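Shown next: entry.pdb, containing PDB, C-alpha atoms.
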MODEL        1
ATOM      1  CA  MET A   1     -94.510 -62.419 -28.777  1.00  0.00           C
ATOM      2  CA  PRO A   2     -91.144 -60.645 -28.364  1.00  0.00           C
ATOM      3  CA  SER A   3     -88.306 -61.937 -30.504  1.00  0.00           C
ATOM      4  CA  PHE A   4     -84.790 -60.957 -31.452  1.00  0.00           C
ATOM      5  CA  ARG A   5     -82.501 -62.060 -34.268  1.00  0.00           C
ATOM      6  CA  SER A   6     -78.873 -61.179 -34.929  1.00  0.00           C
ATOM      7  CA  ALA A   7     -76.191 -62.244 -37.396  1.00  0.00           C
ATOM      8  CA  ARG A   8     -72.560 -61.357 -36.733  1.00  0.00           C
ATOM      9  CA  HIS A   9     -69.332 -62.065 -38.560  1.00  0.00           C
ATOM     10  CA  VAL A  10     -66.660 -62.891 -35.993  1.00  0.00           C
ATOM     11  CA  ARG A  11     -62.920 -63.516 -36.330  1.00  0.00           C
ATOM     12  CA  HIS A  12     -63.092 -67.054 -34.972  1.00  0.00           C
ATOM     13  CA  ARG A  13     -63.937 -70.403 -36.555  1.00  0.00           C
ATOM     14  CA  ALA A  14     -67.485 -71.718 -36.355  1.00  0.00           C
ATOM     15  CA  GLU A  15     -66.376 -74.701 -34.258  1.00  0.00           C
ATOM     16  CA  GLN A  16     -64.727 -72.401 -31.703  1.00  0.00           C
ATOM     17  CA  MET A  17     -67.891 -70.322 -31.432  1.00  0.00           C
ATOM     18  CA  PHE A  18     -70.020 -73.458 -31.092  1.00  0.00           C
ATOM     19  CA  ASP A  19     -67.754 -74.710 -28.280  1.00  0.00           C
ATOM     20  CA  LEU A  20     -68.024 -71.366 -26.502  1.00  0.00           C
ATOM     21  CA  VAL A  21     -71.847 -71.367 -26.638  1.00  0.00           C
ATOM     22  CA  ALA A  22     -71.955 -75.077 -25.679  1.00  0.00           C
ATOM     23  CA  ASP A  23     -69.934 -74.372 -22.501  1.00  0.00           C
ATOM     24  CA  VAL A  24     -73.064 -73.295 -20.630  1.00  0.00           C
ATOM     25  CA  GLU A  25     -71.531 -73.661 -17.163  1.00  0.00           C
ATOM     26  CA  ARG A  26     -69.379 -70.582 -17.906  1.00  0.00           C
ATOM     27  CA  TYR A  27     -72.319 -68.296 -18.755  1.00  0.00           C
ATOM     28  CA  PRO A  28     -72.443 -66.576 -15.334  1.00  0.00           C
ATOM     29  CA  GLU A  29     -68.947 -65.227 -16.089  1.00  0.00           C
ATOM     30  CA  PHE A  30     -70.026 -63.160 -19.099  1.00  0.00           C
ATOM     31  CA  VAL A  31     -73.680 -63.499 -20.193  1.00  0.00           C
ATOM     32  CA  PRO A  32     -75.851 -60.460 -19.437  1.00  0.00           C
ATOM     33  CA  LEU A  33     -78.369 -61.011 -16.596  1.00  0.00           C
ATOM     34  CA  CYS A  34     -77.171 -64.610 -15.952  1.00  0.00           C
ATOM     35  CA  THR A  35     -76.441 -64.957 -12.244  1.00  0.00           C
ATOM     36  CA  SER A  36     -76.038 -68.750 -12.119  1.00  0.00           C
ATOM     37  CA  LEU A  37     -76.367 -71.849 -14.264  1.00  0.00           C
ATOM     38  CA  ARG A  38     -76.546 -75.478 -13.165  1.00  0.00           C
ATOM     39  CA  VAL A  39     -76.609 -78.461 -15.515  1.00  0.00           C
ATOM     40  CA  ARG A  40     -79.030 -81.019 -14.072  1.00  0.00           C
ATOM     41  CA  SER A  41     -78.303 -83.728 -16.615  1.00  0.00           C
ATOM     42  CA  ARG A  42     -76.161 -84.439 -19.660  1.00  0.00           C
ATOM     43  CA  ARG A  43     -77.134 -87.152 -22.144  1.00  0.00           C
ATOM     44  CA  PRO A  44     -74.915 -88.070 -25.108  1.00  0.00           C
ATOM     45  CA  GLU A  45     -77.086 -88.761 -28.160  1.00  0.00           C
ATOM     46  CA  GLY A  46     -74.290 -90.126 -30.360  1.00  0.00           C
ATOM     47  CA  GLN A  47     -72.778 -88.749 -33.555  1.00  0.00           C
ATOM     48  CA  GLY A  48     -71.616 -85.560 -31.828  1.00  0.00           C
ATOM     49  CA  ARG A  49     -74.994 -84.655 -30.334  1.00  0.00           C
ATOM     50  CA  GLU A  50     -75.690 -84.091 -26.654  1.00  0.00           C
ATOM     51  CA  THR A  51     -78.764 -82.962 -24.687  1.00  0.00           C
ATOM     52  CA  LEU A  52     -78.542 -81.019 -21.433  1.00  0.00           C
ATOM     53  CA  ILE A  53     -81.201 -80.031 -18.941  1.00  0.00           C
ATOM     54  CA  ALA A  54     -80.082 -76.810 -17.271  1.00  0.00           C
ATOM     55  CA  ASP A  55     -81.387 -74.311 -14.729  1.00  0.00           C
ATOM     56  CA  MET A  56     -80.465 -70.694 -15.377  1.00  0.00           C
ATOM     57  CA  SER A  57     -81.035 -67.909 -12.877  1.00  0.00           C
ATOM     58  CA  VAL A  58     -81.337 -64.393 -14.199  1.00  0.00           C
ATOM     59  CA  GLY A  59     -81.622 -61.173 -12.328  1.00  0.00           C
ATOM     60  CA  PHE A  60     -81.303 -57.457 -12.259  1.00  0.00           C
ATOM     61  CA  LYS A  61     -81.391 -55.416  -9.056  1.00  0.00           C
ATOM     62  CA  MET A  62     -84.205 -56.884  -6.923  1.00  0.00           C
ATOM     63  CA  ILE A  63     -85.763 -59.075  -9.620  1.00  0.00           C
ATOM     64  CA  ARG A  64     -84.662 -62.729  -9.731  1.00  0.00           C
ATOM     65  CA  GLU A  65     -86.097 -65.571 -11.809  1.00  0.00           C
ATOM     66  CA  ARG A  66     -85.029 -69.138 -12.553  1.00  0.00           C
ATOM     67  CA  PHE A  67     -85.995 -71.246 -15.535  1.00  0.00           C
ATOM     68  CA  THR A  68     -85.223 -74.702 -16.852  1.00  0.00           C
ATOM     69  CA  SER A  69     -84.334 -75.472 -20.456  1.00  0.00           C
ATOM     70  CA  ARG A  70     -83.459 -78.390 -22.688  1.00  0.00           C
ATOM     71  CA  VAL A  71     -80.275 -77.589 -24.598  1.00  0.00           C
ATOM     72  CA  VAL A  72     -79.520 -79.659 -27.697  1.00  0.00           C
ATOM     73  CA  LEU A  73     -75.878 -79.393 -28.742  1.00  0.00           C
ATOM     74  CA  ASP A  74     -75.521 -80.552 -32.353  1.00  0.00           C
ATOM     75  CA  LYS A  75     -71.811 -80.222 -33.121  1.00  0.00           C
ATOM     76  CA  PRO A  76     -71.880 -81.868 -36.599  1.00  0.00           C
ATOM     77  CA  ARG A  77     -74.456 -79.280 -37.740  1.00  0.00           C
ATOM     78  CA  LEU A  78     -72.862 -76.490 -35.618  1.00  0.00           C
ATOM     79  CA  ARG A  79     -76.211 -75.685 -34.082  1.00  0.00           C
ATOM     80  CA  VAL A  80     -77.522 -75.175 -30.526  1.00  0.00           C
ATOM     81  CA  VAL A  81     -81.260 -75.284 -29.821  1.00  0.00           C
ATOM     82  CA  VAL A  82     -82.620 -74.215 -26.432  1.00  0.00           C
ATOM     83  CA  GLU A  83     -86.202 -75.172 -25.558  1.00  0.00           C
ATOM     84  CA  TYR A  84     -88.038 -73.928 -22.501  1.00  0.00           C
ATOM     85  CA  ILE A  85     -89.232 -76.456 -19.905  1.00  0.00           C
ATOM     86  CA  ASP A  86     -90.250 -74.550 -16.774  1.00  0.00           C
ATOM     87  CA  GLY A  87     -90.160 -71.097 -15.201  1.00  0.00           C
ATOM     88  CA  PRO A  88     -91.600 -67.624 -15.743  1.00  0.00           C
ATOM     89  CA  PHE A  89     -92.239 -67.955 -19.482  1.00  0.00           C
ATOM     90  CA  SER A  90     -95.212 -69.337 -21.342  1.00  0.00           C
ATOM     91  CA  HIS A  91     -92.871 -69.910 -24.288  1.00  0.00           C
ATOM     92  CA  MET A  92     -89.156 -69.525 -25.035  1.00  0.00           C
ATOM     93  CA  GLU A  93     -87.019 -70.880 -27.865  1.00  0.00           C
ATOM     94  CA  ASN A  94     -83.457 -69.948 -28.729  1.00  0.00           C
ATOM     95  CA  ILE A  95     -81.401 -71.101 -31.733  1.00  0.00           C
ATOM     96  CA  TRP A  96     -77.705 -70.546 -32.445  1.00  0.00           C
ATOM     97  CA  LYS A  97     -76.142 -71.420 -35.824  1.00  0.00           C
ATOM     98  CA  PHE A  98     -72.473 -71.186 -36.790  1.00  0.00           C
ATOM     99  CA  ARG A  99     -71.060 -71.180 -40.316  1.00  0.00           C
ATOM    100  CA  ASP A 100     -67.427 -70.853 -41.399  1.00  0.00           C
ATOM    101  CA  GLN A 101     -66.543 -67.959 -43.675  1.00  0.00           C
ATOM    102  CA  PRO A 102     -63.322 -67.145 -45.566  1.00  0.00           C
ATOM    103  CA  ASP A 103     -60.187 -66.146 -43.644  1.00  0.00           C
ATOM    104  CA  ALA A 104     -60.926 -68.193 -40.483  1.00  0.00           C
ATOM    105  CA  ARG A 105     -64.009 -66.108 -39.740  1.00  0.00           C
ATOM    106  CA  SER A 106     -67.519 -67.336 -39.085  1.00  0.00           C
ATOM    107  CA  LEU A 107     -71.093 -66.148 -39.228  1.00  0.00           C
ATOM    108  CA  VAL A 108     -72.928 -66.537 -35.921  1.00  0.00           C
ATOM    109  CA  THR A 109     -76.708 -66.275 -36.007  1.00  0.00           C
ATOM    110  CA  PHE A 110     -78.768 -65.994 -32.843  1.00  0.00           C
ATOM    111  CA  PHE A 111     -82.558 -66.110 -32.626  1.00  0.00           C
ATOM    112  CA  ILE A 112     -84.827 -66.036 -29.596  1.00  0.00           C
ATOM    113  CA  ASP A 113     -88.539 -65.650 -29.102  1.00  0.00           C
ATOM    114  CA  TYR A 114     -90.242 -65.685 -25.744  1.00  0.00           C
ATOM    115  CA  GLU A 115     -93.277 -64.619 -23.819  1.00  0.00           C
ATOM    116  CA  PHE A 116     -93.619 -64.159 -20.076  1.00  0.00           C
ATOM    117  CA  ARG A 117     -96.405 -66.091 -18.381  1.00  0.00           C
ATOM    118  CA  SER A 118     -97.305 -63.059 -16.260  1.00  0.00           C
ATOM    119  CA  ARG A 119     -98.057 -59.655 -17.789  1.00  0.00           C
ATOM    120  CA  THR A 120     -96.706 -58.015 -14.645  1.00  0.00           C
ATOM    121  CA  LEU A 121     -93.386 -59.854 -14.882  1.00  0.00           C
ATOM    122  CA  GLY A 122     -93.290 -59.113 -18.616  1.00  0.00           C
ATOM    123  CA  ALA A 123     -93.723 -55.420 -17.846  1.00  0.00           C
ATOM    124  CA  LEU A 124     -91.007 -55.514 -15.161  1.00  0.00           C
ATOM    125  CA  MET A 125     -88.427 -57.624 -17.005  1.00  0.00           C
ATOM    126  CA  GLY A 126     -89.385 -57.245 -20.662  1.00  0.00           C
ATOM    127  CA  SER A 127     -87.238 -54.207 -21.427  1.00  0.00           C
ATOM    128  CA  MET A 128     -84.284 -55.670 -19.490  1.00  0.00           C
ATOM    129  CA  PHE A 129     -84.524 -58.922 -21.468  1.00  0.00           C
ATOM    130  CA  ASP A 130     -84.753 -57.026 -24.753  1.00  0.00           C
ATOM    131  CA  ALA A 131     -81.622 -55.047 -23.881  1.00  0.00           C
ATOM    132  CA  ALA A 132     -79.787 -58.179 -22.691  1.00  0.00           C
ATOM    133  CA  PHE A 133     -80.625 -60.145 -25.862  1.00  0.00           C
ATOM    134  CA  ARG A 134     -79.275 -57.297 -27.958  1.00  0.00           C
ATOM    135  CA  LYS A 135     -75.991 -57.681 -26.035  1.00  0.00           C
ATOM    136  CA  PHE A 136     -75.830 -61.511 -26.141  1.00  0.00           C
ATOM    137  CA  ALA A 137     -74.035 -61.898 -29.465  1.00  0.00           C
ATOM    138  CA  GLN A 138     -71.584 -59.147 -28.511  1.00  0.00           C
ATOM    139  CA  ALA A 139     -70.938 -60.800 -25.129  1.00  0.00           C
ATOM    140  CA  PHE A 140     -70.116 -64.115 -26.814  1.00  0.00           C
ATOM    141  CA  GLU A 141     -67.876 -62.415 -29.375  1.00  0.00           C
ATOM    142  CA  GLU A 142     -66.006 -60.563 -26.620  1.00  0.00           C
ATOM    143  CA  ARG A 143     -65.619 -63.828 -24.698  1.00  0.00           C
ATOM    144  CA  ALA A 144     -64.246 -65.531 -27.825  1.00  0.00           C
ATOM    145  CA  ASN A 145     -61.767 -62.693 -28.317  1.00  0.00           C
ATOM    146  CA  ALA A 146     -60.586 -63.203 -24.730  1.00  0.00           C
ATOM    147  CA  ILE A 147     -60.151 -66.985 -24.870  1.00  0.00           C
ATOM    148  CA  TYR A 148     -59.089 -67.399 -28.523  1.00  0.00           C
ATOM    149  CA  PRO A 149     -56.225 -64.950 -29.050  1.00  0.00           C
ATOM    150  CA  ALA A 150     -55.782 -63.341 -32.464  1.00  0.00           C
ATOM    151  CA  GLY A 151     -54.301 -65.730 -34.981  1.00  0.00           C
ATOM    152  CA  GLN A 152     -55.290 -68.839 -32.980  1.00  0.00           C
ATOM    153  CA  THR A 153     -57.559 -70.843 -35.274  1.00  0.00           C
TER     154      THR A 153
ENDMDL
END

Please express the file's structure as C-alpha cells.
Amino acid sequence: MPSFRSARHVRHRAEQMFDLVADVERYPEFVPLCTSLRVRSRRPEGQGRETLIADMSVGFKMIRERFTSRVVLDKPRLRVVVEYIDGPFSHMENIWKFRDQPDARSLVTFFIDYEFRSRTLGALMGSMFDAAFRKFAQAFEERANAIYPAGQT
C-alpha cells in the first residue's frame, strides 16, 4: 500500500497551521491536484472538535476522480484525521499533527496511506498522487507564508 510521511519545521505557530489545514474549502486555491472541494456536512462534537463530511475532486489533464472523506478536526490536540468513505480508493487515511516549537515555529507532520480500488487507475494516477503528496506539506507552508506575514504570530 503506498504511503508518504513528512515532518517540516515551519515559521508559524501550530494553531495557525491547524487552522490553515482545517479550512478545507480553500484547498482548490493551493492544494496540488485538488480541483474542487464541497463540505456536505459539519457537526460540532464539543470541546473544540468538529467532524466534516467532504467531497474532494482531483484531476490532472484528462483524469478526474471524486472521493468522499470524514474529516475530524481536533483543535485541542492540534490534530486532523481524514478517513476515506467513498470513491476510487479501497483505503485512504491521512493524519496531520501540529506541535509548537521554540521561537514561534512549529513542527507539522503529515502522513497518508492509500490504495486505489482499480489497478488500472492506480497505474494511471499513482505516480501523480505520489508527486502531489510530496508537495502537500510545501503547499501548506507556502500558503501559510502568504496569509500569515512574517512576524505575525

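CA of Glu141 (chain A) to CA of Phe98 (chain A) spans 12.4 Å [interatomic distance, one decimal].
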
Shortest interatomic distance to Phe136 (chain A) - which of A:Tyr27, A:Phe89, A:Phe60, A:Tyr148, counting only C-alpha atoms: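 Nearest candidate to Phe136 (chain A) out of A:Tyr27, A:Phe89, A:Phe60, A:Tyr148: A:Tyr27.
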
CA of Gln138 (chain A) to CA of Pro88 (chain A), straight-line distance in Å: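 We find that CA of Pro88 (chain A) and CA of Gln138 (chain A) lie 25.2 Å from each other.
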
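When CA of Asp74 (chain A) is paired with CA of Asp100 (chain A), their separation reads 15.5 Å.
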
Polymer residues at most 9 Å from Ala7 (chain A), all atoms listed in the file, same-chain spacing of 4 or more positions, as a PDB file with C-alpha atoms, in the coordinates of the input:
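Saved file part.pdb follows:
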ATOM      1  CA  LEU A 107     -71.093 -66.148 -39.228  1.00  0.00           C
ATOM      2  CA  VAL A 108     -72.928 -66.537 -35.921  1.00  0.00           C
ATOM      3  CA  THR A 109     -76.708 -66.275 -36.007  1.00  0.00           C
ATOM      4  CA  PHE A 110     -78.768 -65.994 -32.843  1.00  0.00           C
ATOM      5  CA  PHE A 111     -82.558 -66.110 -32.626  1.00  0.00           C
ATOM      6  CA  ALA A 137     -74.035 -61.898 -29.465  1.00  0.00           C
TER       7      ALA A 137
END

Residue members of the PyMOL selection byres ((chain A and resi 67) around 7) in the file shown, as a list in words: Asp55, Met56, Ser57, Glu65, Arg66, Thr68, Ser69, Asp86, Gly87 and Pro88 of chain A

Once you have the residues from the selection above, write them out as a compact mmCIF listing (two decimals), keeping the file's coordinate frame, restricted to C-alpha atoms.
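That gives us selection-v9.txt:
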# COMPACT_ATOMS: atom_id res chain seq x y z
CA ASP A 55 -81.39 -74.31 -14.73
CA MET A 56 -80.46 -70.69 -15.38
CA SER A 57 -81.04 -67.91 -12.88
CA GLU A 65 -86.10 -65.57 -11.81
CA ARG A 66 -85.03 -69.14 -12.55
CA THR A 68 -85.22 -74.70 -16.85
CA SER A 69 -84.33 -75.47 -20.46
CA ASP A 86 -90.25 -74.55 -16.77
CA GLY A 87 -90.16 -71.10 -15.20
CA PRO A 88 -91.60 -67.62 -15.74

Minimum-distance residue to Arg43 (chain A), chosen among A:Arg70, A:Arg79, A:His9, A:His91 (using all atoms listed in the file): A:Arg70

Output of the PyMOL selection byres ((chain A and resi 96) around 12), listed as a PyMOL selection string: chain A and resi 4-8+14+17-22+71-75+77-83+93-95+97-99+107-112+136-137+140

The PyMOL selection byres ((chain A and resi 38) around 7) applied to the shown file, residues as a ChimeraX atom specification: /A:25,36-37,39-40,54-56

To test the calculation: enclose all listed atoms of region 2-14 of chain A in a box whose edges run along x, y and z, add 6 Å on each side, then state centre and edge lengths in Å to one decimal, as AutoDock Vina command-line options.
--center_x -77.0 --center_y -66.2 --center_z -33.5 --size_x 40.2 --size_y 23.1 --size_z 22.2

Contacts of Ala132 (chain A) within 10 Å, all atoms listed in the file, excl. fewer than 6 positions in-chain, as a ChimeraX atom specification: /A:31-34,126,139

Write the residues of the selection above to a file with C-alpha atoms, as a CSV table (one decimal), in the coordinates of the input.
chain,number,residue,atom,x,y,z
A,31,VAL,CA,-73.7,-63.5,-20.2
A,32,PRO,CA,-75.9,-60.5,-19.4
A,33,LEU,CA,-78.4,-61.0,-16.6
A,34,CYS,CA,-77.2,-64.6,-16.0
A,126,GLY,CA,-89.4,-57.2,-20.7
A,139,ALA,CA,-70.9,-60.8,-25.1
